[in-house]
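Chemist: Coordinates in work_27.cif, mmCIF, C-alpha atoms, are listed below.
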data_upload
#
loop_
_atom_site.label_atom_id
_atom_site.label_comp_id
_atom_site.auth_asym_id
_atom_site.auth_seq_id
_atom_site.Cartn_x
_atom_site.Cartn_y
_atom_site.Cartn_z
CA MET A 181 -13.77 -27.24 45.09
CA SER A 182 -12.67 -25.45 48.29
CA VAL A 183 -13.94 -22.29 49.97
CA ARG A 184 -11.67 -20.28 52.27
CA ILE A 185 -12.69 -17.29 54.35
CA VAL A 186 -9.76 -15.05 55.36
CA ARG A 187 -9.55 -11.70 57.14
CA TYR A 188 -9.07 -8.72 54.80
CA GLY A 189 -8.18 -5.54 56.67
CA GLN A 190 -9.84 -4.65 59.98
CA SER A 191 -13.50 -5.42 59.29
CA ASP A 192 -13.65 -7.13 55.89
CA TRP A 193 -13.49 -10.75 54.75
CA GLU A 194 -12.21 -12.29 51.54
CA VAL A 195 -13.97 -15.31 50.07
CA ASP A 196 -11.50 -17.42 48.09
CA ILE A 197 -12.98 -20.26 45.99
CA ARG A 198 -10.69 -22.64 44.11
CA TRP A 199 -11.49 -25.58 41.79
CA ARG A 200 -10.39 -27.48 38.73
CA SER A 201 -12.33 -27.34 35.47
CA HIS A 202 -13.29 -30.47 33.53
CA GLY A 203 -10.11 -30.05 31.49
CA GLY A 204 -8.00 -30.05 34.68
CA ARG A 205 -7.26 -26.33 34.57
CA ARG A 206 -7.02 -24.59 37.96
CA GLN A 207 -9.51 -21.78 38.41
CA ARG A 208 -10.12 -19.24 41.14
CA ASP A 209 -12.90 -16.86 42.13
CA ARG A 210 -12.26 -14.22 44.82
CA LYS A 211 -14.36 -11.47 46.31
CA VAL A 212 -13.88 -9.09 49.24
CA LEU A 213 -17.01 -8.57 51.35
CA ARG A 214 -16.81 -5.30 53.24
CA GLY A 215 -18.36 -4.58 56.66
CA THR A 216 -19.76 -8.06 57.21
CA SER A 217 -19.29 -10.92 59.68
CA LYS A 218 -17.32 -14.09 59.09
CA SER A 219 -20.47 -16.23 59.21
CA ALA A 220 -22.17 -14.00 56.64
CA ALA A 221 -19.09 -14.23 54.41
CA HIS A 222 -19.19 -18.03 54.82
CA ARG A 223 -22.88 -18.18 53.78
CA TRP A 224 -22.12 -16.00 50.74
CA GLY A 225 -19.23 -18.30 49.84
CA GLN A 226 -21.44 -21.39 50.02
CA ALA A 227 -24.06 -19.75 47.80
CA ARG A 228 -21.38 -18.71 45.31
CA GLU A 229 -19.95 -22.24 45.35
CA ARG A 230 -23.37 -23.71 44.45
CA ASP A 231 -23.75 -21.15 41.64
CA LEU A 232 -20.35 -22.01 40.20
CA LEU A 233 -21.13 -25.74 40.33
CA ILE A 234 -24.46 -25.26 38.51
CA ASN A 235 -23.77 -22.41 36.09
CA GLY A 236 -19.99 -22.20 35.87
CA PRO A 237 -17.91 -19.02 36.11
CA THR A 238 -19.28 -15.81 34.64
CA VAL A 239 -17.57 -14.85 31.42
CA LYS A 240 -16.78 -11.17 31.47
CA SER A 241 -17.73 -9.44 28.26
CA LYS A 242 -14.95 -7.55 26.53
CA GLU A 243 -15.25 -3.81 26.12
CA VAL A 244 -15.22 -3.18 22.37
CA PRO A 245 -13.52 0.09 21.39
CA THR A 246 -14.94 2.61 18.98
CA LEU A 247 -13.41 2.97 15.56
CA GLU A 248 -11.85 6.25 16.70
CA ALA A 249 -10.24 4.61 19.74
CA PHE A 250 -8.99 1.67 17.67
CA ALA A 251 -7.64 3.79 14.78
CA SER A 252 -4.33 4.72 16.45
CA ARG A 253 -3.63 1.07 17.32
CA PHE A 254 -4.38 0.09 13.72
CA ILE A 255 -1.86 2.62 12.42
CA GLU A 256 0.89 1.81 14.92
CA ASP A 257 0.49 -1.97 15.36
CA TYR A 258 -0.36 -2.73 11.74
CA ALA A 259 0.93 -0.09 9.29
CA VAL A 260 3.98 1.10 11.22
CA ALA A 261 4.86 -2.28 12.75
CA ASN A 262 4.80 -3.92 9.31
CA ARG A 263 7.12 -1.19 8.01
CA GLN A 264 4.82 0.02 5.29
CA LYS A 265 6.01 2.86 3.10
CA PRO A 266 5.79 6.31 4.76
CA SER A 267 3.53 7.45 1.93
CA GLY A 268 1.22 4.48 2.55
CA ILE A 269 1.02 5.18 6.29
CA ALA A 270 0.30 8.85 5.58
CA ALA A 271 -2.44 7.84 3.12
CA LYS A 272 -4.12 5.63 5.77
CA ARG A 273 -3.99 8.46 8.32
CA THR A 274 -5.58 10.82 5.79
CA ILE A 275 -8.35 8.33 4.95
CA LEU A 276 -9.10 7.81 8.63
CA ASN A 277 -9.10 11.50 9.54
CA GLN A 278 -10.95 12.82 6.50
CA HIS A 279 -13.47 10.05 5.82
CA LEU A 280 -13.78 7.14 8.26
CA LEU A 281 -13.63 8.97 11.60
CA PRO A 282 -16.17 11.68 10.67
CA ALA A 283 -18.59 9.01 9.41
CA LEU A 284 -18.00 6.07 11.80
CA GLY A 285 -15.60 7.24 14.52
CA GLY A 286 -18.17 7.01 17.32
CA ARG A 287 -19.31 3.52 16.40
CA LYS A 288 -18.03 0.50 18.30
CA LEU A 289 -16.26 -1.90 15.96
CA ASP A 290 -18.85 -4.65 16.45
CA ALA A 291 -21.70 -2.22 15.85
CA ILE A 292 -20.73 -1.12 12.32
CA THR A 293 -23.44 -2.47 10.03
CA ASP A 294 -23.88 -3.08 6.31
CA ALA A 295 -26.20 -0.06 6.30
CA ASP A 296 -23.41 2.09 7.78
CA VAL A 297 -21.04 1.03 5.00
CA GLN A 298 -23.65 1.72 2.35
CA ARG A 299 -24.34 5.13 3.87
CA LEU A 300 -20.61 5.87 3.78
CA LYS A 301 -20.53 4.99 0.09
CA GLY A 302 -23.38 7.43 -0.47
CA GLN A 303 -21.39 10.19 1.23
CA LEU A 304 -18.42 9.55 -1.08
CA THR A 305 -20.20 9.73 -4.45
CA HIS A 306 -18.35 12.96 -5.28
CA LEU A 307 -15.03 11.06 -5.29
CA GLN A 308 -13.55 8.86 -8.01
CA PRO A 309 -14.47 5.15 -7.70
CA LYS A 310 -10.82 4.17 -7.16
CA THR A 311 -10.55 6.66 -4.27
CA VAL A 312 -13.73 5.24 -2.71
CA SER A 313 -12.33 1.72 -3.03
CA ASN A 314 -9.12 2.84 -1.29
CA ILE A 315 -11.18 4.24 1.61
CA LEU A 316 -13.25 1.06 1.88
CA SER A 317 -10.09 -1.08 1.73
CA VAL A 318 -8.72 0.70 4.81
CA LEU A 319 -12.02 0.13 6.66
CA LYS A 320 -12.03 -3.56 5.69
CA LYS A 321 -8.41 -4.05 6.79
CA LEU A 322 -9.06 -2.26 10.08
CA LEU A 323 -11.99 -4.58 10.88
CA ASP A 324 -9.98 -7.64 9.81
CA MET A 325 -7.20 -6.68 12.23
CA GLY A 326 -9.80 -6.20 14.97
CA VAL A 327 -10.80 -9.85 14.46
CA GLU A 328 -7.20 -11.06 14.20
CA TRP A 329 -6.24 -9.33 17.45
CA GLY A 330 -9.30 -10.64 19.32
CA VAL A 331 -10.89 -7.21 19.77
CA ILE A 332 -14.06 -8.45 18.04
CA SER A 333 -15.04 -12.05 17.40
CA THR A 334 -16.28 -11.77 13.82
CA PRO A 335 -16.45 -9.06 11.14
CA PRO A 336 -19.58 -7.02 11.92
CA CYS A 337 -20.38 -6.27 8.28
CA ARG A 338 -19.38 -6.92 4.69
CA VAL A 339 -17.30 -4.24 3.04
CA ARG A 340 -17.77 -4.51 -0.72
CA LEU A 341 -15.38 -2.40 -2.76
CA VAL A 342 -16.59 -0.20 -5.60
CA LYS A 343 -15.85 -1.55 -9.07
CA PHE A 344 -13.97 0.73 -11.39
CA ALA A 345 -12.35 0.55 -14.79
CA VAL A 346 -8.59 0.89 -14.92
CA ALA A 347 -7.85 4.12 -16.75
CA GLU A 348 -5.51 4.08 -19.73
CA CYS A 349 -2.09 5.39 -18.78
CA ALA A 350 -1.18 8.71 -20.38
CA SER A 351 2.16 8.64 -22.21
CA TYR A 352 4.12 10.42 -24.92
CA ASP A 353 4.65 9.02 -28.38
CA PHE A 354 8.21 8.88 -29.72
CA ARG A 355 8.08 12.32 -31.34
CA GLU A 356 6.57 13.99 -28.28
CA PHE A 357 9.18 12.45 -26.01
CA ASP A 358 12.02 13.55 -28.28
CA ASP A 359 10.58 17.09 -28.16
CA LEU A 360 10.45 16.87 -24.37
CA VAL A 361 14.09 15.71 -24.19
CA LYS A 362 15.18 18.60 -26.40
CA ALA A 363 13.25 21.12 -24.27
CA ALA A 364 14.65 19.70 -21.02
CA GLY A 365 18.19 19.94 -22.35
CA ALA A 366 17.60 23.60 -23.17
CA ILE A 367 16.69 24.27 -19.52
CA ASP A 368 19.63 22.58 -17.77
CA GLY A 369 21.43 19.28 -17.29
CA VAL A 370 19.54 18.21 -14.18
CA THR A 371 16.15 18.66 -15.88
CA LEU A 372 17.40 16.62 -18.84
CA ALA A 373 18.61 13.86 -16.49
CA LEU A 374 15.21 13.79 -14.75
CA VAL A 375 13.32 13.42 -18.03
CA LEU A 376 15.60 10.61 -19.20
CA LEU A 377 15.63 8.82 -15.83
CA GLY A 378 11.87 8.64 -16.06
CA GLY A 379 11.39 8.14 -19.79
CA GLU A 380 14.35 5.88 -20.63
CA ALA A 381 14.93 4.11 -17.29
CA GLY A 382 11.40 4.04 -15.79
CA LEU A 383 12.28 5.55 -12.40
CA ARG A 384 9.52 6.87 -10.16
CA CYS A 385 9.79 10.40 -8.78
CA GLY A 386 11.04 9.24 -5.36
CA GLU A 387 13.54 6.89 -7.00
CA MET A 388 14.98 9.75 -9.06
CA MET A 389 15.31 11.90 -5.94
CA ALA A 390 17.09 9.17 -3.96
CA LEU A 391 19.42 7.94 -6.72
CA GLU A 392 23.08 8.20 -5.71
CA TRP A 393 26.26 8.11 -7.77
CA SER A 394 27.16 4.81 -6.11
CA ASP A 395 24.05 3.39 -7.83
CA VAL A 396 25.39 4.34 -11.28
CA ASN A 397 27.80 1.90 -12.91
CA PHE A 398 29.15 3.64 -16.01
CA THR A 399 31.35 0.68 -16.91
CA ALA A 400 28.54 -1.88 -16.89
CA ARG A 401 26.05 0.77 -18.12
CA LYS A 402 23.56 -0.06 -15.39
CA LEU A 403 21.55 1.75 -12.73
CA CYS A 404 20.79 0.06 -9.40
CA VAL A 405 17.39 1.31 -8.20
CA GLN A 406 17.49 0.43 -4.53
CA ARG A 407 16.01 3.38 -2.63
CA SER A 408 13.20 5.92 -2.80
CA GLU A 409 12.52 9.18 -0.97
CA TRP A 410 9.23 10.58 0.27
CA LYS A 411 9.20 13.87 2.18
CA GLY A 412 12.75 13.41 3.44
CA GLU A 413 12.37 9.73 4.39
CA VAL A 414 14.48 7.30 2.38
CA THR A 415 13.16 3.74 2.09
CA THR A 416 13.25 0.87 -0.38
CA PRO A 417 11.49 1.23 -3.75
CA LYS A 418 7.82 0.36 -4.08
CA GLY A 419 7.51 -3.40 -3.64
CA GLY A 420 10.55 -3.51 -1.37
CA ARG A 421 12.96 -4.89 -3.99
CA LEU A 422 15.86 -3.35 -5.85
CA ARG A 423 16.17 -3.67 -9.62
CA TYR A 424 18.77 -3.05 -12.30
CA VAL A 425 18.12 -1.02 -15.45
CA ASP A 426 20.45 -0.59 -18.43
CA ILE A 427 21.54 2.99 -19.14
CA SER A 428 20.56 4.30 -22.58
CA GLU A 429 23.01 6.28 -24.69
CA ARG A 430 21.22 9.59 -24.12
CA LEU A 431 20.96 8.97 -20.37
CA MET A 432 24.63 8.01 -20.19
CA THR A 433 25.65 11.32 -21.82
CA ALA A 434 23.30 13.31 -19.56
CA LEU A 435 24.58 11.68 -16.36
CA LYS A 436 28.22 12.21 -17.27
CA ALA A 437 27.48 15.88 -17.98
CA ILE A 438 26.17 16.51 -14.43
CA ARG A 439 28.52 14.16 -12.59
CA ASN A 440 29.76 15.75 -9.39
CA LEU A 441 31.37 13.56 -6.75
CA LYS A 442 30.98 16.29 -4.12
CA SER A 443 27.30 15.34 -3.86
CA ARG A 444 26.03 11.81 -3.21
CA ARG A 445 22.75 12.48 -5.01
CA VAL A 446 22.61 12.37 -8.80
CA VAL A 447 19.92 15.03 -9.18
CA ARG A 448 20.33 18.05 -6.93
CA THR A 449 20.07 21.81 -6.75
CA ASN A 450 22.88 24.12 -7.90
CA ALA A 451 23.91 24.34 -4.25
CA GLY A 452 24.23 20.55 -4.08
CA GLN A 453 21.08 19.98 -2.00
CA PRO A 454 18.67 17.10 -2.71
CA LEU A 455 15.63 17.92 -4.81
CA THR A 456 12.18 17.84 -3.27
CA GLN A 457 9.19 16.26 -4.99
CA GLN A 458 7.85 19.71 -5.78
CA MET A 459 11.16 20.71 -7.37
CA VAL A 460 11.17 17.63 -9.59
CA ARG A 461 7.59 18.27 -10.69
CA LYS A 462 8.32 21.93 -11.41
CA ARG A 463 11.30 21.06 -13.64
CA VAL A 464 9.44 18.37 -15.61
CA MET A 465 6.37 20.59 -16.02
CA ALA A 466 8.58 23.43 -17.29
CA ALA A 467 10.12 21.12 -19.89
CA ALA A 468 6.68 19.92 -21.05
CA THR A 469 5.47 23.53 -21.34
CA ARG A 470 8.56 24.50 -23.31
CA ALA A 471 7.99 21.54 -25.66
CA GLY A 472 4.37 22.60 -26.18
CA LEU A 473 2.95 19.36 -24.78
CA ALA A 474 -0.57 19.25 -23.33
CA LYS A 475 0.13 16.19 -21.15
CA LYS A 476 2.28 17.08 -18.15
CA GLY A 477 3.49 15.23 -15.08
CA VAL A 478 6.40 13.22 -13.72
CA HIS A 479 4.62 9.86 -13.77
CA ILE A 480 3.83 10.24 -17.50
CA LEU A 481 7.56 9.66 -18.04
CA ARG A 482 7.37 6.22 -16.43
CA HIS A 483 4.25 5.37 -18.44
CA THR A 484 6.14 6.47 -21.55
CA PHE A 485 9.04 4.14 -20.69
CA CYS A 486 6.71 1.13 -20.45
CA SER A 487 4.66 2.09 -23.52
CA HIS A 488 7.75 2.61 -25.70
CA LEU A 489 9.15 -0.78 -24.70
CA ALA A 490 5.81 -2.42 -25.55
CA MET A 491 5.70 -0.60 -28.91
CA LEU A 492 9.15 -1.98 -29.69
CA GLY A 493 7.97 -5.52 -29.01
CA VAL A 494 9.68 -6.09 -25.66
CA PRO A 495 7.98 -9.00 -23.78
CA ALA A 496 5.69 -8.08 -20.88
CA ILE A 497 7.75 -10.08 -18.38
CA THR A 498 10.86 -8.05 -19.28
CA ILE A 499 8.98 -4.75 -18.95
CA GLN A 500 7.69 -5.91 -15.57
CA ARG A 501 11.24 -6.56 -14.36
CA LEU A 502 12.65 -3.27 -15.66
CA ALA A 503 9.76 -1.20 -14.28
CA GLY A 504 9.68 -3.02 -10.94
CA HIS A 505 5.99 -3.92 -11.16
CA GLN A 506 4.91 -6.42 -8.50
CA ASN A 507 2.02 -7.71 -10.60
CA LEU A 508 2.15 -8.59 -14.28
CA LEU A 509 -1.40 -7.23 -14.61
CA THR A 510 0.03 -3.75 -14.04
CA THR A 511 2.44 -4.25 -16.94
CA GLN A 512 -0.26 -5.60 -19.22
CA ARG A 513 -1.99 -2.21 -19.23
CA TYR A 514 0.72 -1.09 -21.64
CA MET A 515 0.63 -4.09 -23.96
CA HIS A 516 -2.26 -2.85 -26.12
CA VAL A 517 0.31 -0.80 -28.06
CA SER A 518 2.62 -3.73 -28.71
CA PRO A 519 2.95 -5.08 -32.27
CA ALA A 520 1.54 -8.45 -31.20
CA ALA A 521 -1.59 -6.74 -29.88
CA SER A 522 -2.15 -4.75 -33.07
CA GLY A 523 -3.09 -7.62 -35.34
CA GLN A 524 0.10 -9.57 -35.99
CA ALA A 525 -0.96 -12.43 -33.73
CA ILE A 526 -4.36 -12.84 -35.44
CA HIS A 527 -2.68 -12.47 -38.83
CA ALA A 528 -0.42 -15.39 -37.89
CA LEU A 529 -3.50 -17.50 -37.10
CA ASP A 530 -5.03 -16.58 -40.47
CA GLN A 531 -1.83 -17.62 -42.22
CA ARG A 532 -1.86 -20.98 -40.40
CA VAL A 533 -5.47 -21.66 -41.41
CA ALA A 534 -4.76 -20.61 -45.01
CA GLY A 535 -1.76 -22.90 -45.10
CA ALA A 536 -3.77 -25.80 -43.74
CA ARG A 537 -6.45 -25.32 -46.40
CA GLY A 538 -3.78 -25.21 -49.10
CA GLY A 539 -2.36 -28.47 -47.81
CA ILE A 540 -5.78 -30.14 -47.89
CA GLY A 541 -6.34 -28.98 -51.43
CA GLU A 542 -3.05 -30.43 -52.58
CA THR A 543 -3.79 -33.77 -50.93
CA ALA A 544 -7.18 -33.96 -52.59
#
Output the structure of this file as structure tokens.
Modeler:
Amino acid sequence: MSVRIVRYGQSDWEVDIRWRSHGGRRQRDRKVLRGTSKSAAHRWGQARERDLLINGPTVKSKEVPTLEAFASRFIEDYAVANRQKPSGIAAKRTILNQHLLPALGGRKLDAITDADVQRLKGQLTHLQPKTVSNILSVLKKLLDMGVEWGVISTPPCRVRLVKFAVAECASYDFREFDDLVKAAGAIDGVTLALVLLGGEAGLRCGEMMALEWSDVNFTARKLCVQRSEWKGEVTTPKGGRLRYVDISERLMTALKAIRNLKSRRVVRTNAGQPLTQQMVRKRVMAAATRAGLAKKGVHILRHTFCSHLAMLGVPAITIQRLAGHQNLLTTQRYMHVSPAASGQAIHALDQRVAGARGGIGETA
């Protein structure tokens, strides 16, 4: 270890202490002493040298940000940097601004306790359990990233999500959907195409809006679902992967009827402009009202697509591929209406047992 005393300005001295740690790493400790003599600076340096030899260098504690100060970094360096869907980023901003910041914004990340999380849950009892779990998931991920980025050393609390039952997906039966198709066709060709894109091809609202004529292969009778739109931003479909869907006979006729190569988009206004999410919803709701249906909504069409395939005995893995579900568990929500789930499988077991008994009787 060496101690150097050097002039710093007109009347100040800098004490410069250098040494190697036990691992061989070079270390340095410097301090400027103002308005003192060289001998006094030397005595201070010797005292500091003894302290470093006995106690080692002082580890400076990191300043832990509040949740409010860390929130913008979480959005930019995690959600935006990982290229999450614009709708997902917007949802995280909303959760932060409406729920997490009002409740915990002033808390330092390492000071958020289990009691704070439980108190937050109590403040959210007016919301649906799934919504509360979404809010808690954002808080948990934010704290996890704080640990990963070295902002805090360990998670300060446990964030337990709220359990909730997965609701049954609303859908139309075959007769209701046929009524909806008839009503949509009576409105106009674009509304009919929307209903069939959802109900016979399984497209989400954003996927309908972003579908282009280059995605439609009339010869091969296939749609390529490779983009989605949300509030003017076009990205990949949910899950980040394209998929191919066969075009049904009714959808084929509807698409040919509205084909217009002057517009890239398949569904559009009369002026050739892309449809907004609100426009799509308005058209589908109008068709449902005209058909006299109580259940209304764009996403019911996609649920109907999956449910109808299950009713017709299509395997879950095939429905998963056509619908673009990332997880087979999502697809299995529709399988309760499949023939196999309605008793045929158990009936097959009964037949096997009955056959086995018959065989035993014959042997005896």
Chemist: Could you make a table, as a tab-separated table, of the residues of segment 190-305 of chain A that have an atom within 12 Å of an atom of segment 317-329 of chain A, each with its nearest atom pair and distance in Å to one decimal, counting only C-alpha atoms, in chain and number order?
Modeler:
residue	atom	partner	partner_atom	distance
A:Val244	CA	A:Gly326	CA	9.7
A:Pro245	CA	A:Gly326	CA	9.7
A:Thr246	CA	A:Gly326	CA	11.0
A:Leu247	CA	A:Leu322	CA	8.7
A:Glu248	CA	A:Leu322	CA	11.1
A:Ala249	CA	A:Gly326	CA	11.8
A:Phe250	CA	A:Gly326	CA	8.4
A:Ala251	CA	A:Leu322	CA	7.8
A:Ser252	CA	A:Leu322	CA	10.6
A:Arg253	CA	A:Leu322	CA	9.6
A:Phe254	CA	A:Leu322	CA	6.4
A:Ile255	CA	A:Leu322	CA	9.0
A:Glu256	CA	A:Leu322	CA	11.8
A:Asp257	CA	A:Met325	CA	9.5
A:Tyr258	CA	A:Met325	CA	7.9
A:Ala259	CA	A:Leu322	CA	10.3
A:Gly268	CA	A:Val318	CA	10.9
A:Ile269	CA	A:Val318	CA	10.8
A:Ala271	CA	A:Val318	CA	9.7
A:Lys272	CA	A:Val318	CA	6.8
A:Arg273	CA	A:Val318	CA	9.7
A:Thr274	CA	A:Val318	CA	10.6
A:Ile275	CA	A:Val318	CA	7.6
A:Leu276	CA	A:Val318	CA	8.1
A:Asn277	CA	A:Val318	CA	11.8
A:His279	CA	A:Leu319	CA	10.1
A:Leu280	CA	A:Leu319	CA	7.4
A:Leu281	CA	A:Leu319	CA	10.3
A:Ala283	CA	A:Leu319	CA	11.4
A:Leu284	CA	A:Leu319	CA	9.9
A:Gly285	CA	A:Leu319	CA	11.2
A:Lys288	CA	A:Leu323	CA	10.8
A:Leu289	CA	A:Leu323	CA	7.2
A:Asp290	CA	A:Leu323	CA	8.8
A:Ala291	CA	A:Leu323	CA	11.2
A:Ile292	CA	A:Leu323	CA	9.5
A:Thr293	CA	A:Leu323	CA	11.7
A:Asp294	CA	A:Lys320	CA	11.9
A:Asp296	CA	A:Leu319	CA	11.6
A:Val297	CA	A:Leu319	CA	9.2
A:Leu300	CA	A:Leu319	CA	10.7
A:Lys301	CA	A:Leu319	CA	11.8
Chemist: Given the choices A:Gly330, A:Ser217, A:Ser182, A:Val405, which gets closest to Arg200 of chain A if the distance is worked out from all atoms listed in the file?
Modeler: A:Ser182
Chemist: Going by the chain IDs and residue numbers used in this file, which residues fall under the PyMOL selection byres ((chain A and resi 484) around 9)? Write them as a ChimeraX atom specification.
Modeler: /A:349-354,357,378-380,382,479-483,485-489
Chemist: Go through A:Gln512, A:Thr371, A:Ser267, A:Thr216 one by one, measure the shortest atom-to-atom distance of each to Lys462 of chain A using only C-alpha atoms, and give the residue with the smallest value.
Modeler: A:Thr371
Chemist: Just how far from atom CA of Phe398 of chain A is atom CA of Gly412 of chain A, in Å to one decimal?
Modeler: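 Atom-to-atom, atom CA of Gly412 of chain A to atom CA of Phe398 of chain A, that is 27.3 Å.
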Chemist: Grab the atom CA of Thr456 of chain A to atom CA of Cys404 of chain A distance for me, in Å with one decimal place.
Modeler: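 Atom CA of Thr456 of chain A sits 20.7 Å away from atom CA of Cys404 of chain A.
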Chemist: From the options A:Val331, A:Ala451, A:Met515, A:Ala471, which residue's atoms come nearest to Asp359 of chain A, counting all atoms listed in the file?
Modeler: A:Ala471
Chemist: Carefully work through the PyMOL selection byres ((chain A and resi 421) around 9) for this structure and note down the residues it includes, as a list in words.
Modeler: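 Against this file, the PyMOL selection byres ((chain A and resi 421) around 9) returns the residues Val405, Gln406, Arg407, Thr416, Pro417, Lys418, Gly419, Gly420, Leu422, Arg423 and Gly504 of chain A.
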Chemist: So how many Å separate atom CA of Leu509 of chain A and atom CA of Met491 of chain A, to one decimal?
Modeler: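 These atoms are spaced 17.3 Å apart.
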